[in-house]
Each structure stands twice: as C-alpha cells, then as structure tokens.
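query.cif, holding mmCIF, C-alpha atoms:
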data_entry
#
loop_
_atom_site.label_atom_id
_atom_site.label_comp_id
_atom_site.auth_asym_id
_atom_site.auth_seq_id
_atom_site.Cartn_x
_atom_site.Cartn_y
_atom_site.Cartn_z
CA MET A 15 101.63 138.34 147.76
CA PRO A 16 102.85 136.96 144.42
CA ALA A 17 102.88 133.30 143.49
CA ARG A 18 104.87 131.28 140.97
CA LEU A 19 104.53 128.09 139.00
CA ILE A 20 108.00 126.55 138.71
CA LEU A 21 108.57 123.71 136.27
CA GLU A 22 111.29 121.11 136.68
CA ASP A 23 113.20 122.47 133.67
CA GLY A 24 113.57 125.80 135.48
CA THR A 25 110.82 127.69 133.66
CA VAL A 26 109.04 130.13 135.99
CA TYR A 27 105.57 131.62 135.51
CA ASP A 28 104.62 134.54 137.75
CA GLY A 29 101.07 135.06 138.93
CA GLU A 30 98.80 135.76 141.86
CA PRO A 31 97.63 133.16 144.38
CA PHE A 32 94.00 132.31 144.97
CA GLY A 33 92.71 129.54 147.17
CA ALA A 34 95.21 128.10 149.63
CA THR A 35 98.74 129.52 149.72
CA ALA A 36 100.51 126.30 150.72
CA ASP A 37 103.05 124.86 148.28
CA ALA A 38 101.82 122.20 145.86
CA ILE A 39 103.91 119.76 143.82
CA GLY A 40 102.53 117.52 141.10
CA GLU A 41 102.60 116.47 137.48
CA VAL A 42 101.50 119.45 135.37
CA VAL A 43 98.72 118.60 132.90
CA PHE A 44 96.22 120.66 130.94
CA ASN A 45 92.51 120.61 130.17
CA THR A 46 90.95 122.56 127.29
CA SER A 47 87.32 122.45 128.47
CA LEU A 48 85.38 125.72 128.40
CA THR A 49 83.26 124.71 131.41
CA GLY A 50 83.26 122.02 134.07
CA TYR A 51 86.15 123.32 136.15
CA GLN A 52 84.62 122.04 139.39
CA GLU A 53 84.06 118.58 137.92
CA ILE A 54 87.68 118.58 136.75
CA ALA A 55 89.02 119.63 140.17
CA THR A 56 87.08 116.85 141.91
CA ASP A 57 87.70 114.13 139.29
CA PRO A 58 89.79 111.27 140.81
CA SER A 59 91.64 110.86 137.51
CA TYR A 60 93.44 114.16 138.27
CA ARG A 61 94.60 113.07 141.71
CA PHE A 62 98.07 114.46 142.61
CA GLN A 63 98.20 116.57 139.42
CA ILE A 64 98.41 120.32 138.86
CA VAL A 65 95.77 121.11 136.25
CA VAL A 66 96.20 124.00 133.82
CA MET A 67 92.90 125.29 132.44
CA THR A 68 93.67 126.40 128.87
CA TYR A 69 90.44 128.39 128.48
CA PRO A 70 91.18 131.88 129.84
CA HIS A 71 88.14 132.68 132.04
CA ILE A 72 87.50 130.27 134.91
CA GLY A 73 85.08 130.52 137.83
CA ASN A 74 82.28 132.36 135.98
CA TYR A 75 79.40 130.45 137.55
CA GLY A 76 81.00 129.68 140.92
CA VAL A 77 80.81 126.38 142.81
CA GLU A 78 77.86 124.10 143.50
CA HIS A 79 78.39 121.02 145.65
CA SER A 80 75.85 119.04 143.62
CA VAL A 81 78.20 118.74 140.63
CA GLU A 82 81.24 117.42 142.50
CA GLN A 83 82.67 114.13 141.23
CA SER A 84 84.01 113.22 144.69
CA ASP A 85 83.77 114.48 148.26
CA ALA A 86 86.70 116.89 147.89
CA PRO A 87 89.08 118.25 145.25
CA GLN A 88 91.52 115.64 143.94
CA VAL A 89 93.98 117.98 142.23
CA ALA A 90 97.26 119.01 143.81
CA GLY A 91 96.92 122.49 142.34
CA PHE A 92 95.04 124.60 139.79
CA VAL A 93 96.33 127.09 137.20
CA VAL A 94 94.21 129.67 135.35
CA ARG A 95 94.69 132.88 133.40
CA ASP A 96 91.74 134.84 134.81
CA VAL A 97 89.73 133.76 137.84
CA VAL A 98 86.29 135.25 138.45
CA ASP A 99 85.84 136.48 142.02
CA GLU A 100 82.10 137.17 141.80
CA PRO A 101 80.16 134.33 140.15
CA SER A 102 77.21 135.25 137.93
CA SER A 103 75.07 132.20 138.74
CA ALA A 104 72.28 132.55 141.30
CA HIS A 105 72.92 128.92 142.25
CA ALA A 106 76.57 129.49 143.21
CA GLN A 107 77.35 128.63 146.82
CA MET A 108 80.78 130.26 146.75
CA SER A 109 83.47 131.42 144.36
CA LEU A 110 86.15 129.08 143.04
CA GLY A 111 88.77 130.89 145.09
CA GLU A 112 86.73 130.51 148.27
CA TYR A 113 86.23 126.82 147.47
CA PHE A 114 89.96 126.18 147.03
CA GLU A 115 90.76 128.16 150.17
CA LYS A 116 88.25 126.11 152.15
CA THR A 117 89.55 122.81 150.77
CA LYS A 118 93.23 123.82 150.97
CA VAL A 119 94.07 123.59 147.27
CA ALA A 120 96.87 125.83 146.02
CA ALA A 121 95.92 127.79 142.91
CA ILE A 122 97.50 130.50 140.78
CA ALA A 123 96.04 133.01 138.32
CA GLY A 124 97.50 135.46 135.83
CA LEU A 125 99.48 133.02 133.69
CA ASP A 126 99.39 132.64 129.91
CA THR A 127 97.76 129.22 130.10
CA ARG A 128 97.67 128.78 126.33
CA ALA A 129 101.43 129.20 126.09
CA LEU A 130 101.87 126.85 129.04
CA THR A 131 99.60 124.29 127.36
CA ARG A 132 101.70 124.46 124.19
CA LYS A 133 104.84 123.86 126.23
CA ILE A 134 103.40 120.80 127.97
CA ARG A 135 101.99 119.43 124.72
CA THR A 136 105.33 119.91 122.94
CA GLU A 137 107.79 118.89 125.65
CA GLY A 138 105.71 116.29 127.49
CA ALA A 139 104.76 115.74 131.11
CA MET A 140 106.88 117.41 133.75
CA ARG A 141 106.75 118.15 137.43
CA GLY A 142 105.79 121.54 138.75
CA MET A 143 105.40 123.52 141.96
CA ILE A 144 102.94 126.25 142.87
CA THR A 145 104.53 128.33 145.59
CA THR A 146 104.46 131.70 147.32
CA ASP A 147 108.00 131.10 148.62
CA ASP A 148 110.12 134.07 147.54
CA ARG A 149 113.43 132.22 147.52
CA PRO A 150 115.23 132.01 144.17
CA ALA A 151 113.69 129.38 141.91
CA ALA A 152 117.04 127.56 141.70
CA GLU A 153 116.82 126.78 145.42
CA LEU A 154 113.38 125.23 144.99
CA LEU A 155 114.28 123.11 141.97
CA GLU A 156 116.25 120.44 143.81
CA PRO A 157 113.38 119.01 145.89
CA LEU A 158 111.10 119.34 142.86
CA GLN A 159 113.45 117.45 140.55
CA GLN A 160 113.98 114.71 143.13
CA GLN A 161 110.32 113.76 142.95
CA ALA A 162 109.15 111.22 140.42
CA LEU A 163 106.14 112.38 138.40
CA GLY A 164 103.43 113.07 140.95
CA VAL A 165 103.53 113.76 144.69
CA GLY A 166 105.40 111.35 146.95
CA LEU A 167 106.05 108.79 144.24
CA ARG A 168 107.95 105.74 145.34
CA ASP A 169 109.68 102.81 143.68
CA HIS A 170 108.58 101.29 140.39
CA GLN A 171 107.12 97.79 140.29
CA ARG A 172 105.13 95.57 137.98
CA VAL A 173 101.48 94.79 138.66
CA ARG A 174 98.50 93.17 136.99
CA ILE A 175 95.28 95.16 136.67
CA ALA A 176 92.11 93.15 136.15
CA GLY A 177 94.16 90.53 134.32
CA ARG A 178 96.12 93.03 132.20
CA GLN A 179 99.84 93.58 132.77
CA ALA A 180 101.38 97.03 132.95
CA THR A 181 105.09 97.74 133.28
CA GLU A 182 105.20 101.47 133.95
CA VAL A 183 104.32 101.75 137.61
CA GLN A 184 104.88 104.64 139.97
CA ARG A 185 103.91 104.35 143.62
CA HIS A 186 102.43 107.35 145.45
CA GLN A 187 102.14 107.75 149.19
CA ASP A 188 98.61 106.36 148.94
CA ALA A 189 98.14 105.67 145.23
CA VAL A 190 99.78 103.85 142.36
CA VAL A 191 99.70 105.16 138.82
CA ILE A 192 100.05 102.45 136.19
CA ALA A 193 99.97 103.89 132.67
CA ASP A 194 96.35 105.16 132.55
CA ALA A 195 95.23 103.60 135.83
CA GLU A 196 95.28 104.73 139.44
CA VAL A 197 94.82 103.04 142.80
CA LEU A 198 91.93 104.62 144.71
CA ARG A 199 92.33 102.50 147.83
CA PRO A 200 94.45 99.46 148.77
CA ASN A 201 94.21 96.85 146.00
CA ALA A 202 91.57 98.82 144.05
CA VAL A 203 92.48 100.43 140.73
CA LEU A 204 90.58 102.94 138.62
CA ASP A 205 91.28 102.26 134.95
CA LYS A 206 91.02 105.75 133.43
CA SER A 207 90.70 104.48 129.87
CA ARG A 208 87.69 102.28 130.73
CA GLY A 209 86.27 104.04 133.77
CA ASP A 210 85.95 100.82 135.76
CA VAL A 211 87.49 99.52 138.95
CA GLY A 212 89.56 96.34 139.12
CA LEU A 213 91.76 94.56 141.63
CA LEU A 214 95.46 95.23 141.98
CA GLU A 215 97.50 92.04 141.97
CA HIS A 216 101.27 92.05 142.37
CA LEU A 217 103.13 89.87 139.85
#

Spit out the file's structure as structure tokens when you get a sec.
Amino acid sequence: MPARLILEDGTVYDGEPFGATADAIGEVVFNTSLTGYQEIATDPSYRFQIVVMTYPHIGNYGVEHSVEQSDAPQVAGFVVRDVVDEPSSAHAQMSLGEYFEKTKVAAIAGLDTRALTRKIRTEGAMRGMITTDDRPAAELLEPLQQQALGVGLRDHQRVRIAGRQATEVQRHQDAVVIADAEVLRPNAVLDKSRGDVGLLEHL
C-alpha cells in the first residue's frame, strides 16, 4: 500500500507507509540530527508537527523507552528516506516502525528528505498531510488548505507569556502556539526558546 506526503502548495511526494496508516495533518518541519530520532518524536516542542528527518538512515538502533522525552510521541507524523526494520542495538525494545504502529503515529519512508528540507527551508513553513488515501491529491488539498498551521488550529488572539507579550497566536484543539511557545496544559506555556514553563494570561 503506497503512501503520500501532500503539501499545501500541491507538491506530492510518494513513499511507503510505516507505523500507523491513519491520515496525519500538521506543519511540516525538518530536523538535521544524525541520531536522536526517538527523542525528537517524543519532544513536546514538536507537538502537532510532521517532522522530516534530513539524515537518510533512521531507525538504526531501534527504540528504548528510557530515552523518551515524554510518555508518548508528540509528533503528528514522521518522514524519512530509509527506515531500518531490524535494529542493530542489543538494547532495542522494538523497531521504529513497530513503535509508531503501537502509538498510532503516521509515518512515511522512501522520500528524498534532503530535497524536501531544501524546499521547506527556501519556501518556509507549510501544512502537509501523510495519507494512504488513493484519491487524487487535488481532492485532498481543500481540507488541508483550510487548516491554519498545525492540527485543529483555531482563532488568533493576543496573550501574555510570563510577562512577555506575543502577537502571533494560533489556537489548537488543546494547545496554543505563540511564536516559539506552546501551551502544554490549560494556562501553562512551554517557552521553546528558554525551555521553561510560564503562565498563560489573556490580555
């Protein structure tokens, strides 16, 4: 069963699914790390995002629960060029594909992630969808383009974070992204630039 990554500008990347096969929509971002894919997938700063791993070989040493940054993956989806099905580490508890299948994270392999990274870096953030739906991409673009950046984003509003004002606010179903900050729970904000948690106060 083939899978596709569809970007909001209509660009389509064909690949193969691994992990869950449910559709995933989110802001498409990239990470150039050579290792640490499990830490990236479970990092709250990537919540609601589809992460593209620029480095071509991902999953080499499998998954170990001890390195997770949170109780479950935070990403909306995961994109790699080559995924390793049989980890080489004796400490691996499962493969990356098995981990994403268990935790219901949509993932796709077989893409030129370096070319995709260049596109995102050049053209800026955009929404994307990982899907195994075989309908024409044009039919899937409308619901994708109707979303604000991220999954389930709502109206914009102004807030104060730990005494600092931010004007670019996008409300998720259960999170608010304010510039480089994100609500983790009601009235609690993770400031990604500082790594600390402050209170969310409406202006």

Find, counting only C-alpha atoms, the residue in A:Tyr75, A:Tyr69, A:Tyr51, A:Phe32 that gets nearest to Ala104 (chain A). A:Tyr75

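Neighbourhood of point (117.1, 119.4, 135.1): residues with an atom at most 12 Å away, counting all atoms listed in the file, are Leu21, Glu22, Asp23, Gly24, Thr25, Met140, Arg141, Ala152, Leu155, Glu156, Pro157, Leu158, Gln159, Gln160 and Gln161 of chain A.
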
Report as a count of residues only the full result of the PyMOL selection byres ((chain A and resi 146) around 8) when it is applied to this structure. 12

I'd like the interatomic distance between CA of Leu154 (chain A) and CA of Gly40 (chain A), to a tenth of an Å. 13.9 Å

Just the residues within 7 Å of region 112-119 of chain A, please, counting all atoms listed in the file, with nothing from its chain fewer than 3 positions along; format it as a count of residues only. 6

Coordinates-based distance that separates CA of Glu153 (chain A) from CA of Glu41 (chain A) (Å, one decimal): 19.3 Å

For CA of Val65 (chain A) and CA of Val42 (chain A), the interatomic separation in Å (one decimal): 6.0 Å

Report as a PDB file with C-alpha atoms, in the frame of the given file the residues that result from applying the PyMOL selection byres ((chain A and resi 28) around 9) to the structure here.
ATOM      1  CA  PRO A  16     102.850 136.960 144.420  1.00  0.00           C
ATOM      2  CA  ALA A  17     102.880 133.300 143.490  1.00  0.00           C
ATOM      3  CA  ARG A  18     104.870 131.280 140.970  1.00  0.00           C
ATOM      4  CA  LEU A  19     104.530 128.090 139.000  1.00  0.00           C
ATOM      5  CA  ILE A  20     108.000 126.550 138.710  1.00  0.00           C
ATOM      6  CA  VAL A  26     109.040 130.130 135.990  1.00  0.00           C
ATOM      7  CA  TYR A  27     105.570 131.620 135.510  1.00  0.00           C
ATOM      8  CA  GLY A  29     101.070 135.060 138.930  1.00  0.00           C
ATOM      9  CA  GLU A  30      98.800 135.760 141.860  1.00  0.00           C
ATOM     10  CA  ILE A 122      97.500 130.500 140.780  1.00  0.00           C
ATOM     11  CA  ALA A 123      96.040 133.010 138.320  1.00  0.00           C
ATOM     12  CA  GLY A 124      97.500 135.460 135.830  1.00  0.00           C
ATOM     13  CA  LEU A 125      99.480 133.020 133.690  1.00  0.00           C
TER      14      LEU A 125
END
